[in-house]
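Engineer: My file is input-v2.txt. It has compact mmCIF, C-alpha atoms:
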# COMPACT_ATOMS: atom_id res chain seq x y z
CA MET A 9 124.19 83.53 158.63
CA ILE A 10 123.42 80.56 160.80
CA ALA A 11 125.57 78.35 162.99
CA ALA A 12 125.10 74.89 164.48
CA ASP A 13 126.15 73.66 167.92
CA LYS A 14 127.27 70.26 166.62
CA GLU A 15 128.78 68.75 163.49
CA ILE A 16 126.59 69.27 160.40
CA LYS A 17 126.52 65.66 159.33
CA ALA A 18 123.55 63.79 157.84
CA GLY A 19 121.48 62.09 160.54
CA ASN A 20 122.56 64.40 163.37
CA ILE A 21 120.16 66.54 165.34
CA VAL A 22 121.76 69.96 165.83
CA ASN A 23 120.63 73.28 167.29
CA LEU A 24 120.78 76.23 164.92
CA SER A 25 121.27 79.88 165.80
CA GLY A 26 121.12 82.85 163.45
CA GLU A 27 118.95 84.36 160.74
CA MET A 28 116.49 82.74 158.37
CA LEU A 29 114.12 84.00 155.67
CA THR A 30 110.64 82.47 155.61
CA LEU A 31 109.36 81.41 152.21
CA ARG A 32 106.55 79.26 150.88
CA ASP A 33 104.17 78.62 147.97
CA ASN A 34 103.14 82.11 146.80
CA SER A 35 106.19 83.98 148.05
CA ALA A 36 108.61 81.43 146.57
CA LYS A 37 106.91 81.73 143.19
CA MET A 38 106.98 85.54 143.28
CA LEU A 39 110.56 85.71 144.52
CA ALA A 40 111.66 83.36 141.72
CA GLU A 41 109.98 85.66 139.19
CA MET A 42 111.70 88.74 140.63
CA LEU A 43 115.08 87.02 140.57
CA GLU A 44 114.46 85.82 137.02
CA ASN A 45 113.72 89.38 135.93
CA GLY A 46 116.79 90.72 137.71
CA GLU A 47 114.69 92.87 140.05
CA ASN A 48 116.12 94.08 143.33
CA THR A 49 114.54 92.07 146.12
CA GLY A 50 116.37 93.82 148.95
CA LEU A 51 117.17 90.39 150.41
CA GLN A 52 120.70 89.27 151.31
CA LEU A 53 120.69 85.82 149.75
CA GLU A 54 124.45 85.15 149.82
CA ASP A 55 125.09 82.38 152.40
CA SER A 56 121.53 82.79 153.66
CA ALA A 57 119.14 80.26 155.17
CA VAL A 58 115.63 79.82 153.82
CA PHE A 59 112.95 78.37 156.09
CA PHE A 60 109.89 76.95 154.31
CA ALA A 61 107.32 78.24 156.77
CA ALA A 62 104.62 80.85 157.41
CA PRO A 63 103.98 82.20 160.92
CA THR A 64 100.83 82.83 162.92
CA PRO A 65 100.23 86.40 164.12
CA GLY A 66 101.18 87.25 167.71
CA PHE A 67 104.95 87.77 167.68
CA GLU A 68 104.63 91.04 169.65
CA GLU A 69 102.48 89.28 172.23
CA GLY A 70 105.02 86.46 172.60
CA ARG A 71 102.49 84.04 171.17
CA MET A 72 103.74 83.36 167.65
CA SER A 73 103.91 79.84 166.24
CA LEU A 74 106.28 79.00 163.37
CA GLY A 75 107.06 75.47 162.19
CA PRO A 76 108.10 73.99 158.84
CA THR A 77 105.89 73.23 155.87
CA THR A 78 106.46 70.54 153.20
CA SER A 79 109.59 71.47 151.24
CA ALA A 80 108.68 69.44 148.15
CA ARG A 81 106.12 72.04 147.08
CA MET A 82 108.87 74.66 146.78
CA ALA A 83 111.53 72.28 145.43
CA ALA A 84 111.32 73.64 141.89
CA PHE A 85 112.78 76.95 143.13
CA ILE A 86 115.72 75.42 145.01
CA PRO A 87 118.25 75.31 142.09
CA GLN A 88 117.64 78.98 141.30
CA LEU A 89 117.91 80.00 144.97
CA ILE A 90 121.22 78.14 145.29
CA GLU A 91 122.48 79.97 142.22
CA LYS A 92 121.62 83.24 143.97
CA GLY A 93 123.61 82.26 147.04
CA VAL A 94 121.18 80.52 149.41
CA LYS A 95 123.16 77.94 151.35
CA TYR A 96 120.74 76.37 153.83
CA PHE A 97 117.21 75.12 153.29
CA ILE A 98 115.03 74.22 156.24
CA GLY A 99 111.68 72.53 155.80
CA LYS A 100 110.07 69.16 156.24
CA GLY A 101 109.87 65.96 154.21
CA ALA A 102 111.93 64.52 151.39
CA LEU A 103 113.11 66.50 148.37
CA PRO A 104 112.52 65.38 144.80
CA GLU A 105 115.59 64.08 142.94
CA GLU A 106 116.36 67.28 141.01
CA ALA A 107 116.30 69.50 144.09
CA LYS A 108 118.32 66.96 146.05
CA ASN A 109 121.00 66.93 143.35
CA ALA A 110 121.03 70.72 143.19
CA VAL A 111 121.65 70.88 146.95
CA ILE A 112 124.49 68.34 146.73
CA GLU A 113 126.11 69.87 143.65
CA GLY A 114 125.76 73.39 145.02
CA LYS A 115 127.43 72.36 148.30
CA ALA A 116 124.31 73.57 150.07
CA PHE A 117 122.48 71.94 152.99
CA TYR A 118 119.01 70.63 153.65
CA PHE A 119 117.76 70.44 157.24
CA GLN A 120 114.41 69.16 158.46
CA ALA A 121 112.59 70.80 161.31
CA LEU A 122 109.86 68.86 163.14
CA GLY A 123 106.49 69.34 161.49
CA GLY A 124 103.50 70.27 163.62
CA THR A 125 105.56 71.78 166.43
CA GLY A 126 105.11 75.46 165.67
CA ALA A 127 104.61 76.50 169.31
CA TYR A 128 107.99 75.00 170.21
CA TYR A 129 109.82 76.65 167.29
CA GLY A 130 107.93 79.92 167.74
CA SER A 131 109.40 80.16 171.22
CA LYS A 132 112.91 80.02 169.67
CA VAL A 133 112.42 83.18 167.61
CA SER A 134 113.84 86.35 169.15
CA SER A 135 113.20 88.84 166.34
CA MET A 136 111.06 89.06 163.28
CA GLU A 137 111.09 91.56 160.42
CA LEU A 138 108.77 91.81 157.42
CA MET A 139 110.90 91.84 154.26
CA LEU A 140 108.68 91.29 151.21
CA PHE A 141 105.15 90.57 149.97
CA GLU A 142 103.11 91.90 152.88
CA GLU A 143 100.03 91.42 150.70
CA PHE A 144 100.44 87.63 150.95
CA GLY A 145 99.53 87.65 154.65
CA PRO A 146 101.23 84.73 156.43
CA GLU A 147 103.06 83.87 153.20
CA ALA A 148 105.08 87.10 153.30
CA VAL A 149 108.88 86.85 153.55
CA TYR A 150 110.05 87.48 157.13
CA LYS A 151 113.57 87.59 158.46
CA VAL A 152 113.62 85.74 161.76
CA GLU A 153 116.41 85.40 164.28
CA VAL A 154 116.44 82.03 166.05
CA SER A 155 118.47 80.27 168.72
CA ASP A 156 118.55 76.68 170.02
CA PHE A 157 116.45 75.68 167.02
CA PRO A 158 116.70 71.88 166.57
CA VAL A 159 116.86 70.39 163.08
CA ILE A 160 117.73 67.03 161.59
CA ILE A 161 120.53 67.18 159.03
CA SER A 162 119.10 65.61 155.86
CA ILE A 163 121.72 66.61 153.27
CA ASP A 164 125.19 67.74 154.31
CA SER A 165 127.92 69.39 152.22
CA ASP A 166 129.70 66.06 151.68
CA GLY A 167 126.58 64.72 149.98
CA GLY A 168 125.62 62.67 153.05
CA ILE A 169 121.87 61.98 153.05
CA PHE A 170 119.41 61.10 155.80
CA PHE A 171 115.65 60.98 155.32
CA MET B 245 60.22 73.38 170.13
CA ARG B 246 63.56 74.06 171.83
CA ILE B 247 65.20 77.40 171.10
CA VAL B 248 68.96 77.68 171.48
CA GLU B 249 70.06 81.30 171.81
CA GLY B 250 72.43 82.41 169.06
CA PHE B 251 74.83 84.00 171.52
CA ARG B 252 75.31 80.66 173.28
CA ILE B 253 76.21 78.99 169.99
CA LYS B 254 78.62 81.84 169.25
CA GLU B 255 80.32 81.64 172.62
CA ALA B 256 80.65 77.88 172.48
CA VAL B 257 81.99 77.69 168.92
CA LYS B 258 84.43 80.55 169.42
CA GLU B 259 85.74 79.04 172.61
CA LEU B 260 86.00 75.65 170.89
CA PHE B 261 88.14 76.83 167.97
CA ILE B 262 90.47 78.84 170.17
CA ARG B 263 90.83 75.95 172.60
CA LEU B 264 91.49 73.48 169.78
CA ASN B 265 94.57 75.38 168.75
CA TYR B 266 96.07 75.64 172.24
CA SER B 267 94.96 72.68 174.33
CA PRO B 268 92.47 70.48 172.49
CA ASP B 269 90.49 67.71 174.20
CA SER B 270 91.80 65.34 171.53
CA LEU B 271 95.38 65.56 172.85
CA LYS B 272 94.53 65.50 176.53
CA ASP B 273 96.54 62.95 178.52
CA LEU B 274 98.21 61.52 175.41
CA VAL B 275 101.82 60.45 175.57
CA PHE B 276 103.91 60.38 172.40
CA THR B 277 107.02 58.71 173.75
CA ASP B 278 106.89 54.91 173.74
CA PRO B 279 109.07 52.22 175.35
CA SER B 280 109.74 50.70 171.89
CA MET B 281 111.45 53.87 170.67
CA GLU B 282 115.17 54.17 170.20
CA HIS B 283 117.08 57.32 171.09
CA PHE B 284 116.51 59.27 167.84
CA GLU B 285 112.76 58.68 167.62
CA ARG B 286 112.36 59.32 171.34
CA LYS B 287 114.06 62.71 170.97
CA LEU B 288 111.53 63.71 168.29
CA ALA B 289 108.61 62.47 170.39
CA GLU B 290 109.91 64.48 173.33
CA ILE B 291 109.92 67.65 171.23
CA ILE B 292 106.31 66.92 170.22
CA GLU B 293 105.41 66.71 173.92
CA GLU B 294 107.38 69.87 174.65
CA ASN B 295 105.43 71.57 171.86
CA ARG B 296 102.16 70.66 173.51
CA LYS B 297 103.36 72.16 176.79
CA LYS B 298 104.52 75.38 175.10
CA ALA B 299 101.20 75.70 173.31
CA LYS B 300 99.30 75.48 176.57
CA THR B 301 101.53 77.50 178.88
CA GLU B 302 102.66 80.24 176.46
CA MET B 303 99.43 80.34 174.46
CA ARG B 304 101.16 79.72 171.14
CA PRO B 305 99.14 77.76 168.56
CA LEU B 306 100.20 74.09 168.54
CA CYS B 307 100.99 74.38 164.85
CA GLN B 308 101.44 77.51 162.74
CA ASP B 309 98.95 75.92 160.35
CA CYS B 310 95.82 76.59 162.39
CA GLY B 311 93.85 74.87 159.68
CA VAL B 312 90.48 75.47 158.18
CA ALA B 313 87.55 75.22 160.57
CA GLN B 314 85.43 72.19 159.90
CA LEU B 315 82.22 71.52 161.77
CA PHE B 316 79.90 68.53 161.90
CA VAL B 317 76.61 69.81 163.27
CA LYS B 318 73.89 67.47 164.48
CA ILE B 319 70.49 69.11 164.99
CA GLY B 320 67.38 67.49 166.39
CA LYS B 321 64.09 68.17 164.58
CA ASN B 322 62.73 70.00 167.63
CA VAL B 323 65.57 72.50 167.75
CA THR B 324 65.77 75.99 166.36
CA PHE B 325 67.95 78.96 167.26
CA SER B 326 67.60 82.71 167.74
CA ASP B 327 69.58 85.87 166.85
CA ALA B 328 70.78 84.89 163.38
CA PRO B 329 69.27 84.63 159.90
CA SER B 330 70.91 81.22 159.47
CA LEU B 331 73.22 78.85 161.30
CA GLU B 332 75.64 79.16 158.38
CA ILE B 333 75.97 82.93 158.81
CA LEU B 334 76.31 82.60 162.56
CA ILE B 335 79.03 79.96 162.40
CA ASN B 336 81.03 81.80 159.77
CA LYS B 337 80.91 85.01 161.77
CA VAL B 338 82.10 83.30 164.90
CA VAL B 339 84.87 81.33 163.15
CA GLU B 340 86.17 84.60 161.74
CA GLU B 341 86.19 86.06 165.26
CA ALA B 342 87.89 83.01 166.73
CA TYR B 343 90.74 83.14 164.21
CA ALA B 344 91.17 86.90 164.71
CA GLU B 345 90.96 87.01 168.50
CA GLY B 346 92.79 83.72 168.98
CA LEU B 347 95.81 85.06 167.03
CA LEU B 348 95.45 82.10 164.68
CA ARG B 349 96.83 81.93 161.16
CA LYS B 350 94.35 82.51 158.35
CA SER B 351 95.16 79.95 155.69
CA THR B 352 92.18 80.05 153.34
CA VAL B 353 92.52 81.41 149.81
CA ALA B 354 89.33 82.60 148.13
CA ASP B 355 89.88 80.95 144.77
CA PRO B 356 91.89 77.78 144.08
CA PHE B 357 93.58 79.37 141.04
CA GLU B 358 93.91 83.04 142.02
CA ARG B 359 94.92 82.08 145.59
CA LYS B 360 94.26 85.40 147.26
CA ASN B 361 94.19 85.23 151.06
CA GLU B 362 91.41 87.47 152.33
CA GLY B 363 92.60 87.10 155.90
CA LYS B 364 89.39 85.72 157.41
CA ASN B 365 89.90 81.97 157.20
CA LEU B 366 86.42 81.66 155.74
CA PRO B 367 84.28 79.87 154.91
CA ALA B 368 84.02 77.31 157.67
CA PHE B 369 83.33 73.91 156.13
CA ILE B 370 80.13 72.60 157.66
CA HIS B 371 78.33 69.27 157.49
CA TYR B 372 74.77 69.08 158.81
CA GLU B 373 73.00 66.02 160.09
CA LEU B 374 69.34 66.09 161.03
CA CYS B 375 68.14 63.78 163.75
CA ASP B 376 65.28 63.16 166.17
CA GLY B 377 64.68 65.01 169.41
CA ASP B 378 66.35 67.96 171.13
CA THR B 379 69.97 67.30 170.27
CA PHE B 380 72.22 70.18 169.27
CA GLU B 381 75.77 68.97 169.03
CA ILE B 382 78.84 70.26 167.22
CA TYR B 383 82.10 68.51 166.51
CA GLY B 384 84.85 70.89 165.43
CA ILE B 385 88.21 70.20 163.90
CA ALA B 386 91.02 72.59 162.98
CA LYS B 387 92.48 70.70 160.04
CA GLY B 388 95.86 71.58 158.61
CA GLY B 389 96.86 71.29 154.97
CA GLY B 390 99.73 68.86 155.42
CA SER B 391 97.73 65.87 156.57
CA GLU B 392 94.67 66.77 154.47
CA ASN B 393 96.89 66.66 151.37
CA VAL B 394 97.87 63.04 152.05
CA SER B 395 94.37 61.78 152.88
CA ALA B 396 92.80 59.65 150.15
CA GLN B 397 89.57 58.21 148.77
CA LYS B 398 89.10 55.23 146.49
CA MET B 399 86.22 53.29 144.94
CA LEU B 400 87.14 49.66 145.72
CA VAL B 401 85.36 46.59 144.41
CA PRO B 402 83.29 44.65 146.98
CA ALA B 403 85.29 41.43 146.42
CA VAL B 404 88.42 42.86 148.03
CA GLY B 405 86.69 42.87 151.43
CA ARG B 406 88.41 43.98 154.62
CA GLU B 407 91.78 42.89 153.29
CA GLY B 408 91.44 45.32 150.37
CA VAL B 409 90.45 48.18 152.64
CA ALA B 410 93.37 47.46 154.98
CA ASP B 411 95.70 47.43 151.95
CA PHE B 412 94.32 50.80 150.87
CA VAL B 413 94.95 52.23 154.34
CA PHE B 414 98.51 50.88 154.21
CA GLU B 415 99.07 52.30 150.72
CA THR B 416 97.78 55.70 151.82
CA LEU B 417 100.11 55.75 154.81
CA LYS B 418 103.06 54.57 152.71
CA ASN B 419 102.47 57.40 150.23
CA ALA B 420 102.03 59.90 153.04
CA GLY B 421 105.29 59.00 154.78
CA GLY B 422 106.39 61.97 156.86
CA LYS B 423 104.51 64.54 154.76
CA GLY B 424 101.46 64.74 157.00
CA CYS B 425 103.43 64.87 160.30
CA PRO B 426 103.03 61.43 161.91
CA PRO B 427 102.29 59.81 164.35
CA TYR B 428 98.96 59.86 162.55
CA PHE B 429 95.42 59.75 163.86
CA ILE B 430 93.48 57.89 161.19
CA GLY B 431 89.80 57.95 160.34
CA VAL B 432 88.67 55.20 157.97
CA GLY B 433 85.29 55.36 156.25
CA VAL B 434 83.86 52.39 154.36
CA GLY B 435 80.59 52.33 152.41
CA GLY B 436 78.12 55.03 151.40
CA THR B 437 78.76 56.88 148.16
CA PHE B 438 81.64 58.63 146.39
CA ASP B 439 80.85 61.94 148.06
CA SER B 440 79.78 60.74 151.51
CA VAL B 441 82.61 58.33 152.31
CA ALA B 442 85.22 61.04 152.84
CA ALA B 443 82.96 62.76 155.38
CA LEU B 444 82.36 59.39 157.03
CA ALA B 445 86.12 58.90 157.45
CA LYS B 446 86.39 62.30 159.07
CA LYS B 447 83.46 61.51 161.35
CA ALA B 448 85.29 58.40 162.49
CA LEU B 449 88.21 60.64 163.39
CA LEU B 450 85.99 63.07 165.28
CA GLU B 451 83.83 60.57 167.13
CA GLN B 452 86.88 58.38 167.87
CA VAL B 453 84.91 55.19 167.41
CA CYS B 454 85.59 51.82 165.82
CA GLU B 455 82.68 50.07 164.15
CA ASP B 456 84.66 47.12 162.76
CA ASN B 457 87.19 45.43 165.01
CA GLU B 458 88.12 42.84 162.41
CA LEU B 459 89.22 45.58 160.00
CA LEU B 460 91.02 47.39 162.79
CA GLU B 461 93.06 44.28 163.62
CA MET B 462 94.07 43.87 159.97
CA ILE B 463 95.12 47.51 159.76
CA ASP B 464 97.09 47.24 163.02
CA GLU B 465 98.91 44.21 161.64
CA LYS B 466 99.80 45.85 158.33
CA ILE B 467 101.06 49.13 159.74
CA LYS B 468 103.82 47.29 161.57
CA ASP B 469 105.56 47.09 158.18
CA LEU B 470 105.36 50.79 157.30
CA GLY B 471 109.06 51.30 157.79
CA PHE B 472 108.93 54.77 159.29
CA GLY B 473 108.22 56.28 162.67
CA VAL B 474 107.65 59.69 164.23
CA LEU B 475 107.65 62.44 161.57
CA GLY B 476 108.52 59.94 158.84
CA PHE B 477 112.05 59.27 160.08
CA PRO B 478 113.34 55.78 160.84
CA GLY B 479 111.39 54.49 163.83
CA LYS B 480 108.59 52.33 165.12
CA CYS B 481 105.63 54.58 165.89
CA PRO B 482 104.01 56.05 162.75
CA VAL B 483 100.41 55.75 163.98
CA LYS B 484 98.75 56.94 167.17
CA ALA B 485 95.16 55.75 166.69
CA VAL B 486 92.85 54.23 164.09
CA TYR B 487 89.07 54.79 163.99
CA VAL B 488 86.53 53.19 161.66
CA LYS B 489 82.99 54.01 160.58
CA LYS B 490 80.81 52.05 158.15
CA ALA B 491 77.71 52.85 156.10
CA PRO B 492 75.32 50.95 153.82
CA THR B 493 76.30 51.02 150.16
CA HIS B 494 75.36 49.84 146.64
CA ILE B 495 75.69 46.15 145.61
CA ALA B 496 78.38 47.13 143.09
CA MET B 497 80.36 49.46 145.34
CA MET B 498 82.77 49.65 148.21
CA PRO B 499 83.89 53.25 148.63
CA ALA B 500 86.68 53.73 151.13
CA ALA B 501 88.35 56.85 152.50
CA VAL B 502 91.28 57.45 154.79
CA ALA B 503 91.35 60.76 156.66
CA LEU B 504 94.82 61.33 158.04
CA ASN B 505 95.50 63.75 160.84
CA CYS B 506 98.88 64.90 162.10
CA HIS B 507 100.10 64.47 165.67
CA SER B 508 98.79 67.98 166.45
CA TYR B 509 95.28 66.55 166.33
CA ARG B 510 92.86 69.36 167.14
CA SER B 511 89.26 68.28 167.56
CA GLY B 512 86.56 68.62 170.15
CA ARG B 513 82.84 68.53 170.80
CA VAL B 514 80.28 70.89 172.28
CA GLU B 515 76.71 70.15 173.19
CA LEU B 516 74.18 72.92 173.63
Please express what this file holds, its structure, as structure tokens.
Structural biologist:
Amino acid sequence: MIAADKEIKAGNIVNLSGEMLTLRDNSAKMLAEMLENGENTGLQLEDSAVFFAAPTPGFEEGRMSLGPTTSARMAAFIPQLIEKGVKYFIGKGALPEEAKNAVIEGKAFYFQALGGTGAYYGSKVSSMELMLFEEFGPEAVYKVEVSDFPVIISIDSDGGIFF
Amino acid sequence: MRIVEGFRIKEAVKELFIRLNYSPDSLKDLVFTDPSMEHFERKLAEIIEENRKKAKTEMRPLCQDCGVAQLFVKIGKNVTFSDAPSLEILINKVVEEAYAEGLLRKSTVADPFERKNEGKNLPAFIHYELCDGDTFEIYGIAKGGGSENVSAQKMLVPAVGREGVADFVFETLKNAGGKGCPPYFIGVGVGGTFDSVAALAKKALLEQVCEDNELLEMIDEKIKDLGFGVLGFPGKCPVKAVYVKKAPTHIAMMPAAVALNCHSYRSGRVEL
């Protein structure tokens, strides 16, 4: 679960705290296949937050960097993830029409983090756990715990939009 | 004949690629906030500046996308080097070490279809230029995927002139929007051939030069109408700097290329 320190309204900058699952090109594709086949992923997707991102090494050393990647590349998987319970998507850039509609209709949220600022966001991560697809290297799914993590609300649950 | 010891090249290139990801020369003394910015855009620019501080003081890579290593090597005809069968082997070995020891993300997949990440961030992408004398100079850039994906190349017709090139730069930026993480650093290449113009654009970015002020003025004028600012959100500052390089070309051709780089612009130069 994640929480925000201010009203989740399109156009606001809020600070998030809570857990997120990292996901991107290869891992999103593989996860979608597993879900499609009804396989057990071991992930708690109900009310979860997905962060389109892939970290650098160095978490143990306090040197990890983790910022958003372009959400549009993973947009095709958004409707299915919403169906499986994902409520928050965090990435960067606009979403294509279909994904945007899926977020609005599914009463989900889309937040944008600031691209290219991985050092800043990396410093907001207090724990990190490998969940799936270790073989994908940085593209593995990690569960990260964040606090004071600023995002721009791009789609809110009332269908408000800000890009 | 001047012999450059292989270990010196290794040390310099390794140090360069680690430094690029934490406190690159290319971002030194730059300020991202601007008096023209309103509250929202200013807040984003302040986070970008905070990011740069965190990268330097906490030794966290500026961006989690530590890029592919690209090198533009200029070698004088009187120069050779020791301790390695080839410069290619030496550079690849040292880039691998830099990405491992520097705790940098390895983002290269070995095959564009199979997309397996072998965890070495290899190969380095190297351009060689032979020149006179004793020069041995390397420009390095750690180039992320986001801004590379929105860079563009086009074969224009000569009749469109500077205006046509400026329009192409505008079009490229408009299509890029926030995807490549603006404020952008822009390298424009004009002339040469289909294959060489993209490298020329990147050289403009690396050398930070402008070889055509008239074109630069036209581009500066057009980008005022882009309609987005920092990170593609509403604002006034989508571009940080524009550089231009030109080359001779064919009577029928006017190749142009626009190399976009994100605000985490990581380039630098070493001379040996």
Engineer: Taking 2 positions as the minimum chain separation for residues in the same chain, which residues sit within 8 Å of Phe380 of chain B when counting all atoms listed in the file? Answer as a PyMOL selection string.
Structural biologist: chain B and resi 317-320+323+378+382+515-516
Engineer: Give me, as CSV, each residue of segment 370-400 of chain B that comes within 12 Å of segment 106-130 of chain A, together with its shortest interatomic pair and the distance in Å at one decimal, counting only C-alpha atoms, with rows ordered by chain and rising residue number.
Structural biologist:
residue,atom,partner,partner_atom,distance
B:Lys387,CA,A:Gly124,CA,11.6
B:Gly388,CA,A:Gly124,CA,9.2
B:Gly389,CA,A:Gly124,CA,11.0
B:Gly390,CA,A:Gly123,CA,9.1
B:Ser391,CA,A:Gly124,CA,10.1
Engineer: In Å, with one decimal, what is the gap from atom CA of Leu449 of chain B to atom CA of Thr277 of chain B?
Structural biologist: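 Distance reported for this atom pair: 21.6 Å.
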Engineer: Using all atoms listed in the file, what does the table of chain B residues within 9 Å of chain A look like, with each row giving the shortest atom pair and its distance in Å to one decimal, sorted by chain and ascending number, as JSON lines?
Structural biologist:
{"residue": "B:Phe284", "atom": "CA", "partner": "A:Ile21", "partner_atom": "CA", "distance": 8.5}
{"residue": "B:Leu288", "atom": "CA", "partner": "A:Leu122", "partner_atom": "CA", "distance": 7.5}
{"residue": "B:Ile291", "atom": "CA", "partner": "A:Tyr128", "partner_atom": "CA", "distance": 7.7}
{"residue": "B:Ile292", "atom": "CA", "partner": "A:Thr125", "partner_atom": "CA", "distance": 6.2}
{"residue": "B:Glu294", "atom": "CA", "partner": "A:Tyr128", "partner_atom": "CA", "distance": 6.8}
{"residue": "B:Asn295", "atom": "CA", "partner": "A:Tyr128", "partner_atom": "CA", "distance": 4.6}
{"residue": "B:Arg296", "atom": "CA", "partner": "A:Ala127", "partner_atom": "CA", "distance": 7.6}
{"residue": "B:Lys297", "atom": "CA", "partner": "A:Tyr128", "partner_atom": "CA", "distance": 8.5}
{"residue": "B:Lys298", "atom": "CA", "partner": "A:Ala127", "partner_atom": "CA", "distance": 5.9}
{"residue": "B:Ala299", "atom": "CA", "partner": "A:Ala127", "partner_atom": "CA", "distance": 5.3}
{"residue": "B:Glu302", "atom": "CA", "partner": "A:Arg71", "partner_atom": "CA", "distance": 6.5}
{"residue": "B:Met303", "atom": "CA", "partner": "A:Arg71", "partner_atom": "CA", "distance": 5.8}
{"residue": "B:Arg304", "atom": "CA", "partner": "A:Arg71", "partner_atom": "CA", "distance": 4.5}
{"residue": "B:Pro305", "atom": "CA", "partner": "A:Ala127", "partner_atom": "CA", "distance": 5.7}
{"residue": "B:Leu306", "atom": "CA", "partner": "A:Ala127", "partner_atom": "CA", "distance": 5.1}
{"residue": "B:Cys307", "atom": "CA", "partner": "A:Gly126", "partner_atom": "CA", "distance": 4.3}
{"residue": "B:Gln308", "atom": "CA", "partner": "A:Ser73", "partner_atom": "CA", "distance": 4.9}
{"residue": "B:Asp309", "atom": "CA", "partner": "A:Thr64", "partner_atom": "CA", "distance": 7.6}
{"residue": "B:Cys310", "atom": "CA", "partner": "A:Thr64", "partner_atom": "CA", "distance": 8.0}
{"residue": "B:Leu347", "atom": "CA", "partner": "A:Pro65", "partner_atom": "CA", "distance": 5.5}
{"residue": "B:Leu348", "atom": "CA", "partner": "A:Thr64", "partner_atom": "CA", "distance": 5.7}
{"residue": "B:Arg349", "atom": "CA", "partner": "A:Thr64", "partner_atom": "CA", "distance": 4.5}
{"residue": "B:Lys350", "atom": "CA", "partner": "A:Pro146", "partner_atom": "CA", "distance": 7.5}
{"residue": "B:Ser351", "atom": "CA", "partner": "A:Pro146", "partner_atom": "CA", "distance": 7.8}
{"residue": "B:Arg359", "atom": "CA", "partner": "A:Asn34", "partner_atom": "CA", "distance": 8.3}
{"residue": "B:Lys360", "atom": "CA", "partner": "A:Phe144", "partner_atom": "CA", "distance": 7.5}
{"residue": "B:Asn361", "atom": "CA", "partner": "A:Phe144", "partner_atom": "CA", "distance": 6.7}
{"residue": "B:Glu362", "atom": "CA", "partner": "A:Gly145", "partner_atom": "CA", "distance": 8.4}
{"residue": "B:Gly363", "atom": "CA", "partner": "A:Gly145", "partner_atom": "CA", "distance": 7.1}
{"residue": "B:Gly390", "atom": "CA", "partner": "A:Thr78", "partner_atom": "CA", "distance": 7.3}
{"residue": "B:Gly421", "atom": "CA", "partner": "A:Gly101", "partner_atom": "CA", "distance": 8.4}
{"residue": "B:Gly422", "atom": "CA", "partner": "A:Gly101", "partner_atom": "CA", "distance": 5.9}
{"residue": "B:Lys423", "atom": "CA", "partner": "A:Gly101", "partner_atom": "CA", "distance": 5.6}
{"residue": "B:Gly424", "atom": "CA", "partner": "A:Gly123", "partner_atom": "CA", "distance": 8.2}
{"residue": "B:Cys425", "atom": "CA", "partner": "A:Gly123", "partner_atom": "CA", "distance": 5.5}
{"residue": "B:Pro426", "atom": "CA", "partner": "A:Gly123", "partner_atom": "CA", "distance": 8.6}
{"residue": "B:Leu475", "atom": "CA", "partner": "A:Leu122", "partner_atom": "CA", "distance": 7.0}
{"residue": "B:Gly476", "atom": "CA", "partner": "A:Gly101", "partner_atom": "CA", "distance": 7.7}
{"residue": "B:Phe477", "atom": "CA", "partner": "A:Phe171", "partner_atom": "CA", "distance": 6.2}
{"residue": "B:Pro478", "atom": "CA", "partner": "A:Phe171", "partner_atom": "CA", "distance": 7.9}
{"residue": "B:Cys506", "atom": "CA", "partner": "A:Gly124", "partner_atom": "CA", "distance": 7.2}
{"residue": "B:His507", "atom": "CA", "partner": "A:Gly124", "partner_atom": "CA", "distance": 7.0}
{"residue": "B:Ser508", "atom": "CA", "partner": "A:Gly124", "partner_atom": "CA", "distance": 6.0}
Engineer: Create the file for the chosen residues now, containing C-alpha atoms and written as a compact mmCIF listing (two decimals), keeping the file's coordinate frame.
Structural biologist:
# COMPACT_ATOMS: atom_id res chain seq x y z
CA PHE B 284 116.51 59.27 167.84
CA LEU B 288 111.53 63.71 168.29
CA ILE B 291 109.92 67.65 171.23
CA ILE B 292 106.31 66.92 170.22
CA GLU B 294 107.38 69.87 174.65
CA ASN B 295 105.43 71.57 171.86
CA ARG B 296 102.16 70.66 173.51
CA LYS B 297 103.36 72.16 176.79
CA LYS B 298 104.52 75.38 175.10
CA ALA B 299 101.20 75.70 173.31
CA GLU B 302 102.66 80.24 176.46
CA MET B 303 99.43 80.34 174.46
CA ARG B 304 101.16 79.72 171.14
CA PRO B 305 99.14 77.76 168.56
CA LEU B 306 100.20 74.09 168.54
CA CYS B 307 100.99 74.38 164.85
CA GLN B 308 101.44 77.51 162.74
CA ASP B 309 98.95 75.92 160.35
CA CYS B 310 95.82 76.59 162.39
CA LEU B 347 95.81 85.06 167.03
CA LEU B 348 95.45 82.10 164.68
CA ARG B 349 96.83 81.93 161.16
CA LYS B 350 94.35 82.51 158.35
CA SER B 351 95.16 79.95 155.69
CA ARG B 359 94.92 82.08 145.59
CA LYS B 360 94.26 85.40 147.26
CA ASN B 361 94.19 85.23 151.06
CA GLU B 362 91.41 87.47 152.33
CA GLY B 363 92.60 87.10 155.90
CA GLY B 390 99.73 68.86 155.42
CA GLY B 421 105.29 59.00 154.78
CA GLY B 422 106.39 61.97 156.86
CA LYS B 423 104.51 64.54 154.76
CA GLY B 424 101.46 64.74 157.00
CA CYS B 425 103.43 64.87 160.30
CA PRO B 426 103.03 61.43 161.91
CA LEU B 475 107.65 62.44 161.57
CA GLY B 476 108.52 59.94 158.84
CA PHE B 477 112.05 59.27 160.08
CA PRO B 478 113.34 55.78 160.84
CA CYS B 506 98.88 64.90 162.10
CA HIS B 507 100.10 64.47 165.67
CA SER B 508 98.79 67.98 166.45
